[in-house]
Every structure is written in C-alpha cells, then in structure tokens.
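Chemist: Just input.cif, nothing more (mmCIF, C-alpha atoms):
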```cif
data_target
#
loop_
_atom_site.group_PDB
_atom_site.id
_atom_site.type_symbol
_atom_site.label_atom_id
_atom_site.label_comp_id
_atom_site.auth_asym_id
_atom_site.auth_seq_id
_atom_site.Cartn_x
_atom_site.Cartn_y
_atom_site.Cartn_z
ATOM 1 C CA ARG A 1 -17.996 72.504 -68.366
ATOM 2 C CA PRO A 2 -16.538 75.942 -69.020
ATOM 3 C CA GLY A 3 -18.461 79.165 -69.001
ATOM 4 C CA ILE A 4 -20.254 81.606 -66.723
ATOM 5 C CA ILE A 5 -23.942 82.360 -66.152
ATOM 6 C CA VAL A 6 -24.575 85.821 -64.704
ATOM 7 C CA THR A 7 -27.740 86.776 -62.848
ATOM 8 C CA GLY A 8 -27.984 90.280 -61.470
ATOM 9 C CA GLY A 9 -30.069 93.259 -60.486
ATOM 10 C CA HIS A 10 -29.665 96.800 -59.221
ATOM 11 C CA TYR A 11 -29.796 97.782 -55.565
ATOM 12 C CA ASP A 12 -29.961 101.559 -55.964
ATOM 13 C CA THR A 13 -33.262 103.387 -55.636
ATOM 14 C CA LEU A 14 -34.718 106.917 -55.792
ATOM 15 C CA SER A 15 -35.204 107.880 -52.179
ATOM 16 C CA HIS A 16 -35.534 111.553 -53.098
ATOM 17 C CA ARG A 17 -38.633 110.985 -55.255
ATOM 18 C CA PRO A 18 -42.007 111.160 -53.425
ATOM 19 C CA HIS A 19 -43.927 107.849 -53.333
ATOM 20 C CA PHE A 20 -41.129 105.939 -55.023
ATOM 21 C CA VAL A 21 -41.531 102.256 -54.121
ATOM 22 C CA GLY A 22 -38.006 101.226 -53.255
ATOM 23 C CA ALA A 23 -39.193 97.913 -51.793
ATOM 24 C CA ASN A 24 -39.989 96.913 -55.360
ATOM 25 C CA ASP A 25 -37.345 98.859 -57.286
ATOM 26 C CA GLY A 26 -34.777 97.569 -56.406
ATOM 27 C CA GLY A 27 -35.345 95.903 -53.019
ATOM 28 C CA SER A 28 -37.200 92.951 -54.537
ATOM 29 C CA SER A 29 -34.506 91.940 -57.020
ATOM 30 C CA THR A 30 -31.839 92.405 -54.350
ATOM 31 C CA GLY A 31 -33.682 89.965 -52.102
ATOM 32 C CA ILE A 32 -34.218 87.399 -54.847
ATOM 33 C CA LEU A 33 -30.497 87.460 -55.632
ATOM 34 C CA LEU A 34 -29.771 86.694 -51.978
ATOM 35 C CA ALA A 35 -32.169 83.740 -52.179
ATOM 36 C CA LEU A 36 -30.475 82.472 -55.331
ATOM 37 C CA ALA A 37 -27.086 82.807 -53.644
ATOM 38 C CA ASP A 38 -28.379 80.691 -50.767
ATOM 39 C CA HIS A 39 -29.718 78.102 -53.235
ATOM 40 C CA PHE A 40 -26.408 77.738 -55.040
ATOM 41 C CA ARG A 41 -24.534 77.616 -51.732
ATOM 42 C CA THR A 42 -26.329 74.372 -50.896
ATOM 43 C CA HIS A 43 -26.812 73.195 -54.504
ATOM 44 C CA PRO A 44 -23.562 73.930 -56.355
ATOM 45 C CA PRO A 45 -24.120 74.107 -60.120
ATOM 46 C CA GLN A 46 -22.953 71.115 -62.114
ATOM 47 C CA GLY A 47 -21.586 73.008 -65.061
ATOM 48 C CA PRO A 48 -20.741 76.651 -65.755
ATOM 49 C CA SER A 49 -20.057 78.940 -62.830
ATOM 50 C CA VAL A 50 -22.854 81.174 -61.527
ATOM 51 C CA TRP A 51 -21.963 84.782 -60.892
ATOM 52 C CA ILE A 52 -24.485 86.824 -58.881
ATOM 53 C CA VAL A 53 -24.038 90.546 -59.423
ATOM 54 C CA TRP A 54 -25.538 93.500 -57.548
ATOM 55 C CA LEU A 55 -25.445 96.581 -59.785
ATOM 56 C CA ASP A 56 -25.461 100.252 -58.824
ATOM 57 C CA GLY A 57 -26.502 103.306 -60.829
ATOM 58 C CA GLU A 58 -29.394 101.820 -62.775
ATOM 59 C CA GLU A 59 -31.666 104.737 -61.923
ATOM 60 C CA ALA A 60 -31.264 108.050 -63.719
ATOM 61 C CA ILE A 61 -29.577 110.916 -61.887
ATOM 62 C CA ARG A 62 -31.883 113.431 -63.566
ATOM 63 C CA ASN A 63 -34.101 111.825 -66.225
ATOM 64 C CA TRP A 64 -34.022 108.515 -68.125
ATOM 65 C CA VAL A 65 -32.801 110.159 -71.332
ATOM 66 C CA GLY A 66 -29.734 109.398 -73.427
ATOM 67 C CA SER A 67 -27.149 107.708 -71.242
ATOM 68 C CA ASP A 68 -28.441 108.942 -67.878
ATOM 69 C CA HIS A 69 -29.153 105.443 -66.565
ATOM 70 C CA THR A 70 -27.626 101.948 -66.160
ATOM 71 C CA TYR A 71 -24.234 103.371 -65.151
ATOM 72 C CA GLY A 72 -23.032 100.335 -63.229
ATOM 73 C CA SER A 73 -23.982 97.731 -65.829
ATOM 74 C CA ARG A 74 -22.486 99.839 -68.635
ATOM 75 C CA GLU A 75 -19.156 100.095 -66.824
ATOM 76 C CA LEU A 76 -19.118 96.402 -65.878
ATOM 77 C CA ALA A 77 -20.053 95.239 -69.394
ATOM 78 C CA ARG A 78 -17.263 97.321 -70.919
ATOM 79 C CA ARG A 79 -14.739 96.044 -68.407
ATOM 80 C CA TRP A 80 -15.723 92.443 -69.145
ATOM 81 C CA ARG A 81 -15.429 93.115 -72.872
ATOM 82 C CA ASP A 82 -12.010 94.742 -72.530
ATOM 83 C CA ASN A 83 -10.456 92.189 -70.153
ATOM 84 C CA GLY A 84 -11.759 89.142 -72.014
ATOM 85 C CA THR A 85 -14.285 88.008 -69.386
ATOM 86 C CA ALA A 86 -17.203 88.502 -71.813
ATOM 87 C CA ALA A 87 -15.894 85.667 -73.975
ATOM 88 C CA ARG A 88 -16.529 83.253 -71.082
ATOM 89 C CA ILE A 89 -20.097 84.400 -70.316
ATOM 90 C CA ARG A 90 -22.892 82.297 -71.793
ATOM 91 C CA ALA A 91 -25.895 84.326 -70.603
ATOM 92 C CA VAL A 92 -26.955 87.271 -68.418
ATOM 93 C CA LEU A 93 -30.315 87.336 -66.601
ATOM 94 C CA ILE A 94 -31.346 90.657 -65.067
ATOM 95 C CA LEU A 95 -34.098 90.890 -62.418
ATOM 96 C CA ASP A 96 -36.021 94.098 -61.746
ATOM 97 C CA MET A 97 -39.292 95.207 -60.113
ATOM 98 C CA ILE A 98 -40.511 91.722 -59.200
ATOM 99 C CA GLY A 99 -42.020 92.409 -55.752
ATOM 100 C CA ASP A 100 -45.603 92.949 -56.917
ATOM 101 C CA ARG A 101 -48.012 90.587 -55.141
ATOM 102 C CA ASP A 102 -49.931 90.384 -58.461
ATOM 103 C CA LEU A 103 -46.909 89.345 -60.461
ATOM 104 C CA ASP A 104 -47.034 89.868 -64.242
ATOM 105 C CA VAL A 105 -43.603 89.481 -65.845
ATOM 106 C CA ALA A 106 -43.211 90.862 -69.351
ATOM 107 C CA ARG A 107 -41.839 89.158 -72.429
ATOM 108 C CA ASP A 108 -38.893 91.457 -73.081
ATOM 109 C CA THR A 109 -38.896 92.046 -76.839
ATOM 110 C CA HIS A 110 -35.354 93.430 -76.727
ATOM 111 C CA ALA A 111 -34.011 90.311 -75.006
ATOM 112 C CA THR A 112 -31.871 87.723 -76.720
ATOM 113 C CA PRO A 113 -34.647 85.527 -78.203
ATOM 114 C CA TRP A 114 -33.422 82.089 -77.138
ATOM 115 C CA LEU A 115 -32.862 83.245 -73.549
ATOM 116 C CA MET A 116 -36.291 84.878 -73.181
ATOM 117 C CA LYS A 117 -37.848 81.759 -74.663
ATOM 118 C CA LEU A 118 -36.082 79.660 -72.023
ATOM 119 C CA VAL A 119 -37.428 81.868 -69.216
ATOM 120 C CA CYS A 120 -41.007 81.663 -70.522
ATOM 121 C CA ARG A 121 -40.806 77.910 -71.119
ATOM 122 C CA GLU A 122 -39.452 77.124 -67.677
ATOM 123 C CA ALA A 123 -42.088 79.278 -65.992
ATOM 124 C CA GLN A 124 -44.766 77.304 -67.820
ATOM 125 C CA ARG A 125 -43.132 73.994 -66.960
ATOM 126 C CA ILE A 126 -43.280 74.528 -63.200
ATOM 127 C CA GLY A 127 -46.785 76.024 -63.174
ATOM 128 C CA ALA A 128 -45.840 79.716 -62.916
ATOM 129 C CA GLY A 129 -46.932 80.396 -66.488
ATOM 130 C CA PRO A 130 -49.915 82.651 -65.637
ATOM 131 C CA ASP A 131 -47.500 85.162 -64.116
ATOM 132 C CA PHE A 132 -45.013 85.206 -66.979
ATOM 133 C CA CYS A 133 -44.757 86.276 -70.622
ATOM 134 C CA ASN A 134 -48.397 87.248 -71.149
ATOM 135 C CA TYR A 135 -47.580 90.555 -72.837
ATOM 136 C CA ASP A 136 -44.738 92.098 -74.831
ATOM 137 C CA GLU A 137 -42.779 95.115 -73.656
ATOM 138 C CA ASP A 138 -39.892 97.060 -75.188
ATOM 139 C CA ILE A 139 -37.660 97.372 -72.136
ATOM 140 C CA GLU A 140 -34.470 99.350 -71.633
ATOM 141 C CA ASP A 141 -32.717 98.127 -68.505
ATOM 142 C CA ASP A 142 -29.354 96.824 -67.296
ATOM 143 C CA ASP A 143 -29.505 93.901 -69.725
ATOM 144 C CA THR A 144 -29.254 96.374 -72.626
ATOM 145 C CA GLU A 145 -25.689 97.229 -71.652
ATOM 146 C CA PHE A 146 -24.591 93.588 -71.722
ATOM 147 C CA ARG A 147 -26.125 92.995 -75.139
ATOM 148 C CA ALA A 148 -24.274 96.092 -76.342
ATOM 149 C CA VAL A 149 -20.981 94.225 -75.848
ATOM 150 C CA GLY A 150 -22.257 91.106 -77.589
ATOM 151 C CA LEU A 151 -23.594 89.053 -74.675
ATOM 152 C CA SER A 152 -26.879 87.120 -74.575
ATOM 153 C CA ALA A 153 -29.094 88.855 -72.018
ATOM 154 C CA ALA A 154 -32.731 89.098 -70.899
ATOM 155 C CA ASP A 155 -34.710 91.106 -68.358
ATOM 156 C CA ILE A 156 -37.183 89.514 -65.941
ATOM 157 C CA ILE A 157 -39.381 92.447 -64.966
ATOM 158 C CA ASP A 158 -42.983 93.161 -64.017
ATOM 159 C CA PHE A 159 -43.655 96.237 -66.129
ATOM 160 C CA GLN A 160 -47.382 96.363 -65.482
ATOM 161 C CA ILE A 161 -46.838 98.192 -62.215
ATOM 162 C CA LYS A 162 -44.169 100.836 -62.436
ATOM 163 C CA GLY A 163 -41.997 101.129 -59.349
ATOM 164 C CA HIS A 164 -41.801 104.851 -60.094
ATOM 165 C CA ALA A 165 -45.550 105.478 -59.995
ATOM 166 C CA GLY A 166 -47.216 107.090 -57.013
ATOM 167 C CA ASP A 167 -50.289 104.898 -57.403
ATOM 168 C CA ALA A 168 -48.105 101.832 -56.867
ATOM 169 C CA THR A 169 -47.856 102.498 -53.145
ATOM 170 C CA GLY A 170 -51.204 100.845 -52.476
ATOM 171 C CA LYS A 171 -49.766 97.536 -53.600
ATOM 172 C CA PHE A 172 -46.600 97.837 -51.546
ATOM 173 C CA ASN A 173 -47.437 99.734 -48.339
ATOM 174 C CA GLN A 174 -46.433 97.857 -45.184
ATOM 175 C CA PHE A 175 -43.908 95.986 -47.310
ATOM 176 C CA THR A 176 -40.302 97.111 -47.062
ATOM 177 C CA GLY A 177 -37.055 96.072 -48.687
ATOM 178 C CA LEU A 178 -35.950 94.660 -45.340
ATOM 179 C CA HIS A 179 -38.998 92.381 -45.196
ATOM 180 C CA ILE A 180 -38.294 91.203 -48.732
ATOM 181 C CA VAL A 181 -34.653 90.439 -48.044
ATOM 182 C CA LYS A 182 -35.552 88.535 -44.881
ATOM 183 C CA ALA A 183 -38.465 86.719 -46.479
ATOM 184 C CA VAL A 184 -37.415 85.482 -49.878
ATOM 185 C CA ASN A 185 -36.696 81.796 -50.072
ATOM 186 C CA PRO A 186 -37.605 79.948 -53.267
ATOM 187 C CA GLY A 187 -40.813 78.013 -52.678
ATOM 188 C CA ASN A 188 -41.958 80.006 -49.644
ATOM 189 C CA THR A 189 -44.996 82.246 -49.382
ATOM 190 C CA VAL A 190 -44.690 85.255 -47.103
ATOM 191 C CA THR A 191 -47.537 87.191 -45.511
ATOM 192 C CA ASN A 192 -47.038 90.744 -44.295
ATOM 193 C CA GLY A 193 -50.246 92.322 -42.987
ATOM 194 C CA GLN A 194 -52.845 92.053 -45.712
ATOM 195 C CA HIS A 195 -50.241 91.850 -48.465
ATOM 196 C CA LEU A 196 -49.196 88.538 -49.925
ATOM 197 C CA THR A 197 -46.181 87.992 -52.116
ATOM 198 C CA ASN A 198 -45.405 84.559 -53.500
ATOM 199 C CA PHE A 199 -41.684 84.345 -54.067
ATOM 200 C CA GLY A 200 -42.073 80.665 -54.878
ATOM 201 C CA ASN A 201 -42.650 81.746 -58.478
ATOM 202 C CA PHE A 202 -38.975 82.537 -58.660
ATOM 203 C CA SER A 203 -37.835 79.069 -57.703
ATOM 204 C CA PHE A 204 -38.032 78.472 -61.453
ATOM 205 C CA LEU A 205 -34.928 80.639 -61.917
ATOM 206 C CA ALA A 206 -32.738 78.137 -60.147
ATOM 207 C CA LYS A 207 -34.376 75.304 -62.098
ATOM 208 C CA ALA A 208 -33.984 77.164 -65.390
ATOM 209 C CA LEU A 209 -30.317 77.754 -64.680
ATOM 210 C CA ASP A 210 -29.852 74.117 -63.726
ATOM 211 C CA LEU A 211 -31.494 73.100 -67.004
ATOM 212 C CA PHE A 212 -29.224 75.447 -68.907
ATOM 213 C CA PHE A 213 -26.208 73.791 -67.338
ATOM 214 C CA GLN A 214 -27.357 70.435 -68.736
ATOM 215 C CA ASN A 215 -27.624 71.683 -72.335
#
```
Rewrite the structure from the file as structure tokens, please.

Modeler:
Amino acid sequence: RPGIIVTGGHYDTLSHRPHFVGANDGGSSTGILLALADHFRTHPPQGPSVWIVWLDGEEAIRNWVGSDHTYGSRELARRWRDNGTAARIRAVLILDMIGDRDLDVARDTHATPWLMKLVCREAQRIGAGPDFCNYDEDIEDDDTEFRAVGLSAADIIDFQIKGHAGDATGKFNQFTGLHIVKAVNPGNTVTNGQHLTNFGNFSFLAKALDLFFQN
C-alpha cells in the first residue's frame, strides 16, 4: 500500500543551561527512535513505508517565543510541502521527554484528533493505559510544524516533568543519554542504580503503527 508514516524526535539539547536534563530532553526520544529502527529492521512493515527522523533545532536559541524554536521540523515540513513529499505522508508521530521513570504521557489537545485517539487506544489495549492520556495539555512542539503544512501529527510527551526544570534532576541523576540509547529495547526493563525506567511501555508504538498499516 502507498504512503509514509513518519515518527521522529529532536536530538538537540541545552547543554549551556544549568541542571538541564538532556538525558530526557532529547536523549530519551533519540534512544526510542533507535529501538524502533531496530524493530522495523527485523519486522519490515507490511504497508506504508516508515520514515524515522531525527530533528535538530527544537530548542530555542534564546527563549521559546515567536518562532525561536522547532527550526529543524519547520524547515523539513516546508521542504516536504514544496517538493510534494507531504502528499504521500499519512501521519507524523513526534516523541519528546519520555525518559521519566514515572511516565505520564499527555493527551495533546493540539494533535490531530484521530491520531491522538489511536495512540491512547493502543496504549490501553496493551496495558500501558495508566501511563498515557490521563490529562490534557496544550503542547507546542515539532508536530506543530507538520500540521502547519496540512499533515496529521501528534506529540507523545510526558509534560508532567519538564526536562527544563532544575528540580527534575532528582528523577534523572545517574541516568545519561548514553545509558538510554544503549538500553532501550521495546519490552525490556532497564535498571540503573536506584532508577528504573520501563521502556516496554513504548513497544505499543510499533504495534500501533502495525495496526495503522492494516487499516
């Protein structure tokens, strides 16, 4: 079947900001994308192509005001619109700040409704429901830029713990982006010191995409 499903996340971080938790924002989404790439390497999709995209320039250079953010996704979305690629894309799923060991993914109220509904439904179906879609959040992230060119897009993000907050370090100390990248495999649970992160919750992404291919 024709079409493209895009799943992506940003890999840039704010190393110059004190106490910024780069392992979460955006080390965690970078690692999950690597795990998804490994999944689709051994389980090729039976349907639309899967494009996995690592984005740069999501973080603001100065402050998250106006257009000082999401530089990479804005440029990519416009290029896809202008060269005709956007017409082939069926959905865009963005991942961000999903390394919290007490995962609590928001229901993105700005997301394309049918796509956010699919994410929430699939999380419930595989038993990850308690960690997903329990609260609404108005989120401005990379997915916004893809919707701006007419694409269906949603953000999968834990907005209860801000990656930018200094008080977040207690939940992420001893846990680095390198550990996340090495550790994430859908279905596995990884222990690092006293911190526990269950990346098995994100095995539902592959299953949700597989389901989408069938419909």

Chemist: Which distance in Å separates atom CA of A:His16 and atom CA of A:Ala35, to one decimal?

Modeler: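 Between these atoms lies a distance of 28.0 Å.
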
Chemist: Using only C-alpha atoms, which of the listed residues (A:Arg147, A:Arg88, A:Arg74, A:His110) sits closest to A:Pro48?

Modeler: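 Smallest separation from A:Pro48 among the options: A:Arg88.
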
Chemist: Hey, what comes out of the PyMOL selection byres ((chain A and resi 131) around 10) on this file? Could you write it as a ChimeraX atom specification?

Modeler: /A:102-106,120,123-124,127-130,132-134,158,201

Chemist: Between A:Asp155, A:Asp82, A:Asp68, A:Asp136, which residue has the minimum interatomic distance to A:Thr7, considering all atoms listed in the file?

Modeler: A:Asp155

Chemist: Between A:Ile4, A:Ile98, A:Ile32, A:Val149, which one has atoms that come closest to A:Arg79, using all atoms listed in the file?

Modeler: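 For A:Arg79, the nearest of the candidates is A:Val149.
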
Chemist: Considering all atoms listed in the file, can you say which of A:Asp38, A:Asp142, A:Asp108, A:Glu122 comes closest to A:Asp56?

Modeler: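 Looking at the shortest contact to A:Asp56, the residue is A:Asp142.
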
Chemist: Could all heavy atoms be built for stretch 117-128 of chain A and written out as a compact mmCIF listing (two decimals), in the frame of the given file?

Modeler:
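Result went into part_29.txt, see below:
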```txt
# COMPACT_ATOMS: atom_id res chain seq x y z
N LYS A 117 -37.03 82.95 -74.43
CA LYS A 117 -37.85 81.76 -74.66
C LYS A 117 -37.63 80.73 -73.56
O LYS A 117 -38.58 80.07 -73.09
CB LYS A 117 -37.51 81.16 -76.02
CG LYS A 117 -38.35 79.95 -76.40
CD LYS A 117 -38.00 79.43 -77.79
CE LYS A 117 -38.85 78.22 -78.17
NZ LYS A 117 -38.50 77.72 -79.54
N LEU A 118 -36.39 80.59 -73.11
CA LEU A 118 -36.08 79.66 -72.02
C LEU A 118 -36.79 80.08 -70.74
O LEU A 118 -37.38 79.23 -70.04
CB LEU A 118 -34.57 79.61 -71.80
CG LEU A 118 -34.09 78.80 -70.59
CD1 LEU A 118 -34.43 77.33 -70.76
CD2 LEU A 118 -32.59 78.97 -70.37
N VAL A 119 -36.76 81.37 -70.42
CA VAL A 119 -37.43 81.87 -69.22
C VAL A 119 -38.92 81.55 -69.27
O VAL A 119 -39.50 81.02 -68.31
CB VAL A 119 -37.20 83.38 -69.06
CG1 VAL A 119 -38.10 83.96 -67.98
CG2 VAL A 119 -35.73 83.67 -68.74
N CYS A 120 -39.56 81.88 -70.39
CA CYS A 120 -41.01 81.66 -70.52
C CYS A 120 -41.35 80.18 -70.45
O CYS A 120 -42.33 79.78 -69.82
CB CYS A 120 -41.51 82.26 -71.84
SG CYS A 120 -41.31 84.06 -71.96
N ARG A 121 -40.55 79.35 -71.10
CA ARG A 121 -40.81 77.91 -71.12
C ARG A 121 -40.69 77.29 -69.74
O ARG A 121 -41.52 76.48 -69.33
CB ARG A 121 -39.83 77.23 -72.09
CG ARG A 121 -40.10 75.74 -72.29
CD ARG A 121 -39.05 75.15 -73.20
NE ARG A 121 -37.75 75.06 -72.55
CZ ARG A 121 -36.60 75.11 -73.20
NH1 ARG A 121 -36.57 75.28 -74.51
NH2 ARG A 121 -35.46 75.00 -72.54
N GLU A 122 -39.65 77.69 -69.00
CA GLU A 122 -39.45 77.12 -67.68
C GLU A 122 -40.53 77.57 -66.71
O GLU A 122 -40.96 76.81 -65.85
CB GLU A 122 -38.06 77.49 -67.15
CG GLU A 122 -36.96 76.67 -67.76
CD GLU A 122 -37.19 75.19 -67.53
OE1 GLU A 122 -37.09 74.74 -66.38
OE2 GLU A 122 -37.49 74.48 -68.50
N ALA A 123 -40.99 78.82 -66.84
CA ALA A 123 -42.09 79.28 -65.99
C ALA A 123 -43.34 78.45 -66.24
O ALA A 123 -44.04 78.06 -65.29
CB ALA A 123 -42.37 80.76 -66.26
N GLN A 124 -43.62 78.15 -67.49
CA GLN A 124 -44.77 77.30 -67.82
C GLN A 124 -44.58 75.90 -67.25
O GLN A 124 -45.52 75.31 -66.71
CB GLN A 124 -44.93 77.22 -69.34
CG GLN A 124 -45.44 78.48 -69.99
CD GLN A 124 -46.94 78.67 -69.80
OE1 GLN A 124 -47.64 77.76 -69.36
NE2 GLN A 124 -47.43 79.86 -70.10
N ARG A 125 -43.39 75.38 -67.34
CA ARG A 125 -43.13 73.99 -66.96
C ARG A 125 -43.38 73.75 -65.48
O ARG A 125 -43.83 72.67 -65.09
CB ARG A 125 -41.68 73.62 -67.31
CG ARG A 125 -41.37 72.14 -67.13
CD ARG A 125 -39.97 71.82 -67.62
NE ARG A 125 -38.95 72.41 -66.79
CZ ARG A 125 -38.47 71.87 -65.67
NH1 ARG A 125 -38.95 70.72 -65.24
NH2 ARG A 125 -37.53 72.47 -64.98
N ILE A 126 -43.10 74.75 -64.64
CA ILE A 126 -43.28 74.53 -63.20
C ILE A 126 -44.59 75.10 -62.67
O ILE A 126 -44.82 75.15 -61.48
CB ILE A 126 -42.10 75.10 -62.40
CG1 ILE A 126 -42.11 76.63 -62.43
CG2 ILE A 126 -40.78 74.54 -62.86
CD1 ILE A 126 -41.34 77.24 -61.28
N GLY A 127 -45.47 75.56 -63.59
CA GLY A 127 -46.78 76.02 -63.17
C GLY A 127 -46.88 77.50 -62.86
O GLY A 127 -47.90 77.97 -62.35
N ALA A 128 -45.82 78.27 -63.16
CA ALA A 128 -45.84 79.72 -62.92
C ALA A 128 -46.21 80.49 -64.18
O ALA A 128 -46.12 81.71 -64.19
CB ALA A 128 -44.49 80.18 -62.40
```
